[in-house]
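A.B. asks: Hey, dropping run_4.cif in here, mmCIF, C-alpha atoms:
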data_target
loop_
_atom_site.group_PDB
_atom_site.id
_atom_site.type_symbol
_atom_site.label_atom_id
_atom_site.label_comp_id
_atom_site.auth_asym_id
_atom_site.auth_seq_id
_atom_site.Cartn_x
_atom_site.Cartn_y
_atom_site.Cartn_z
ATOM 1 C CA MET Y 1 6.911 -12.363 33.532
ATOM 2 C CA LEU Y 2 6.269 -13.821 30.064
ATOM 3 C CA ALA Y 3 2.855 -15.078 31.148
ATOM 4 C CA ASP Y 4 2.019 -11.558 32.329
ATOM 5 C CA LEU Y 5 3.012 -10.137 28.963
ATOM 6 C CA LEU Y 6 0.917 -12.676 27.079
ATOM 7 C CA SER Y 7 -2.141 -12.094 29.257
ATOM 8 C CA GLU Y 8 -1.829 -8.321 29.090
ATOM 9 C CA CYS Y 9 -5.156 -6.467 29.111
ATOM 10 C CA TYR Y 10 -5.832 -3.276 27.224
ATOM 11 C CA ASP Y 11 -7.615 -0.240 28.648
ATOM 12 C CA ALA Y 12 -11.181 0.465 27.537
ATOM 13 C CA ASP Y 13 -10.044 3.464 25.480
ATOM 14 C CA LEU Y 14 -7.901 1.137 23.341
ATOM 15 C CA GLU Y 15 -10.621 -1.479 22.835
ATOM 16 C CA GLU Y 16 -11.833 0.099 19.625
ATOM 17 C CA SER Y 17 -8.422 -0.138 17.980
ATOM 18 C CA TRP Y 18 -8.156 -3.837 18.920
ATOM 19 C CA GLU Y 19 -11.693 -5.009 18.160
ATOM 20 C CA ASN Y 20 -10.681 -6.855 14.990
ATOM 21 C CA GLU Y 21 -7.545 -8.385 16.505
ATOM 22 C CA ARG Y 22 -7.858 -11.852 18.038
ATOM 23 C CA THR Y 23 -4.311 -11.849 19.316
ATOM 24 C CA ALA Y 24 -2.628 -9.102 21.324
ATOM 25 C CA THR Y 25 0.342 -7.380 19.703
ATOM 26 C CA PRO Y 26 2.863 -8.555 22.340
ATOM 27 C CA VAL Y 27 1.910 -12.168 21.592
ATOM 28 C CA ARG Y 28 2.289 -11.628 17.855
ATOM 29 C CA ALA Y 29 5.654 -9.914 18.373
ATOM 30 C CA PHE Y 30 6.814 -12.808 20.561
ATOM 31 C CA ALA Y 31 5.755 -15.342 17.912
ATOM 32 C CA VAL Y 32 7.573 -13.460 15.162
ATOM 33 C CA ARG Y 33 10.690 -13.290 17.352
ATOM 34 C CA LEU Y 34 10.518 -17.041 17.983
ATOM 35 C CA HIS Y 35 10.300 -17.690 14.255
ATOM 36 C CA GLN Y 36 13.185 -15.303 13.542
ATOM 37 C CA THR Y 37 15.389 -17.159 16.017
ATOM 38 C CA GLY Y 38 15.042 -20.347 14.006
ATOM 39 C CA CYS Y 39 11.847 -21.990 15.274
ATOM 40 C CA SER Y 40 9.642 -23.343 12.524
ATOM 41 C CA LEU Y 41 6.091 -22.054 12.301
ATOM 42 C CA ARG Y 42 4.815 -25.296 13.793
ATOM 43 C CA GLU Y 43 7.371 -25.131 16.619
ATOM 44 C CA THR Y 44 6.305 -21.552 17.285
ATOM 45 C CA THR Y 45 2.638 -22.546 17.486
ATOM 46 C CA THR Y 46 3.564 -25.380 19.851
ATOM 47 C CA ILE Y 47 5.412 -22.967 22.154
ATOM 48 C CA LEU Y 48 2.466 -20.555 22.070
ATOM 49 C CA ALA Y 49 0.085 -23.427 22.858
ATOM 50 C CA GLU Y 50 2.201 -24.318 25.906
ATOM 51 C CA LEU Y 51 1.665 -20.728 27.035
ATOM 52 C CA GLY Y 52 -2.096 -20.971 26.471
ATOM 53 C CA VAL Y 53 -2.310 -19.246 23.071
ATOM 54 C CA GLU Y 54 -3.886 -21.556 20.482
ATOM 55 C CA ARG Y 55 -3.204 -20.322 16.935
ATOM 56 C CA SER Y 56 -2.574 -22.118 13.649
ATOM 57 C CA HIS Y 57 0.806 -22.023 11.941
ATOM 58 C CA GLY Y 58 -0.989 -20.152 9.133
ATOM 59 C CA ALA Y 59 -1.986 -17.387 11.556
ATOM 60 C CA VAL Y 60 1.627 -17.111 12.734
ATOM 61 C CA TRP Y 61 2.788 -16.937 9.109
ATOM 62 C CA ASN Y 62 0.339 -14.091 8.494
ATOM 63 C CA TRP Y 63 1.776 -12.187 11.477
ATOM 64 C CA TYR Y 64 5.281 -12.741 10.138
ATOM 65 C CA ILE Y 65 4.580 -11.451 6.646
ATOM 66 C CA GLY Y 66 2.018 -8.869 7.772
#
Go through the file and emit its structure as structure tokens.

C.D. replies:
Amino acid sequence: MLADLLSECYDADLEESWENERTATPVRAFAVRLHQTGCSLRETTTILAELGVERSHGAVWNWYIG
């Protein structure tokens, strides 16, 4: 179920609103939730990498403060 959420595709009519986003909102929300539960930024990026999402801890930090 989590893998389905992380690989979620967006309809063509939403493409325009996501064209500048490299990472889908559900993935960003999941990463922020991981960090809020006590995972460090580096632990969060490691968990995301295990799920096939390669992002830097700096990118995760930007999602958290953004």

A.B. asks: Using all atoms listed in the file, which of Y:Ile65, Y:Arg33, Y:Ala59, Y:Ala24 sits nearest Thr45 (chain Y)?

C.D. replies: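 The shortest atom-to-atom distance to Thr45 (chain Y) comes from Y:Ala59.
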
A.B. asks: If we count all atoms listed in the file and set the cut-off at 10 Å, which residues sit around Glu54 (chain Y), ignoring sequence neighbours fewer than 5 positions away in its own chain? Please answer as a VMD selection string.

C.D. replies: chain Y and resid 23 45 to 49

A.B. asks: Write out as a CSV table (one decimal) with C-alpha atoms, in the frame of the given file each polymer residue whose atoms come within 12 Å of region 29-31 of chain Y, counting all atoms listed in the file; drop sequence neighbours fewer than 4 positions from it.

C.D. replies:
chain,number,residue,atom,x,y,z
Y,2,LEU,CA,6.3,-13.8,30.1
Y,3,ALA,CA,2.9,-15.1,31.1
Y,5,LEU,CA,3.0,-10.1,29.0
Y,6,LEU,CA,0.9,-12.7,27.1
Y,23,THR,CA,-4.3,-11.8,19.3
Y,24,ALA,CA,-2.6,-9.1,21.3
Y,25,THR,CA,0.3,-7.4,19.7
Y,35,HIS,CA,10.3,-17.7,14.3
Y,36,GLN,CA,13.2,-15.3,13.5
Y,37,THR,CA,15.4,-17.2,16.0
Y,38,GLY,CA,15.0,-20.3,14.0
Y,39,CYS,CA,11.8,-22.0,15.3
Y,40,SER,CA,9.6,-23.3,12.5
Y,41,LEU,CA,6.1,-22.1,12.3
Y,42,ARG,CA,4.8,-25.3,13.8
Y,43,GLU,CA,7.4,-25.1,16.6
Y,44,THR,CA,6.3,-21.6,17.3
Y,45,THR,CA,2.6,-22.5,17.5
Y,46,THR,CA,3.6,-25.4,19.9
Y,47,ILE,CA,5.4,-23.0,22.2
Y,48,LEU,CA,2.5,-20.6,22.1
Y,49,ALA,CA,0.1,-23.4,22.9
Y,51,LEU,CA,1.7,-20.7,27.0
Y,53,VAL,CA,-2.3,-19.2,23.1
Y,54,GLU,CA,-3.9,-21.6,20.5
Y,55,ARG,CA,-3.2,-20.3,16.9
Y,56,SER,CA,-2.6,-22.1,13.6
Y,57,HIS,CA,0.8,-22.0,11.9
Y,59,ALA,CA,-2.0,-17.4,11.6
Y,60,VAL,CA,1.6,-17.1,12.7
Y,61,TRP,CA,2.8,-16.9,9.1
Y,62,ASN,CA,0.3,-14.1,8.5
Y,63,TRP,CA,1.8,-12.2,11.5
Y,64,TYR,CA,5.3,-12.7,10.1
Y,65,ILE,CA,4.6,-11.5,6.6
Y,66,GLY,CA,2.0,-8.9,7.8
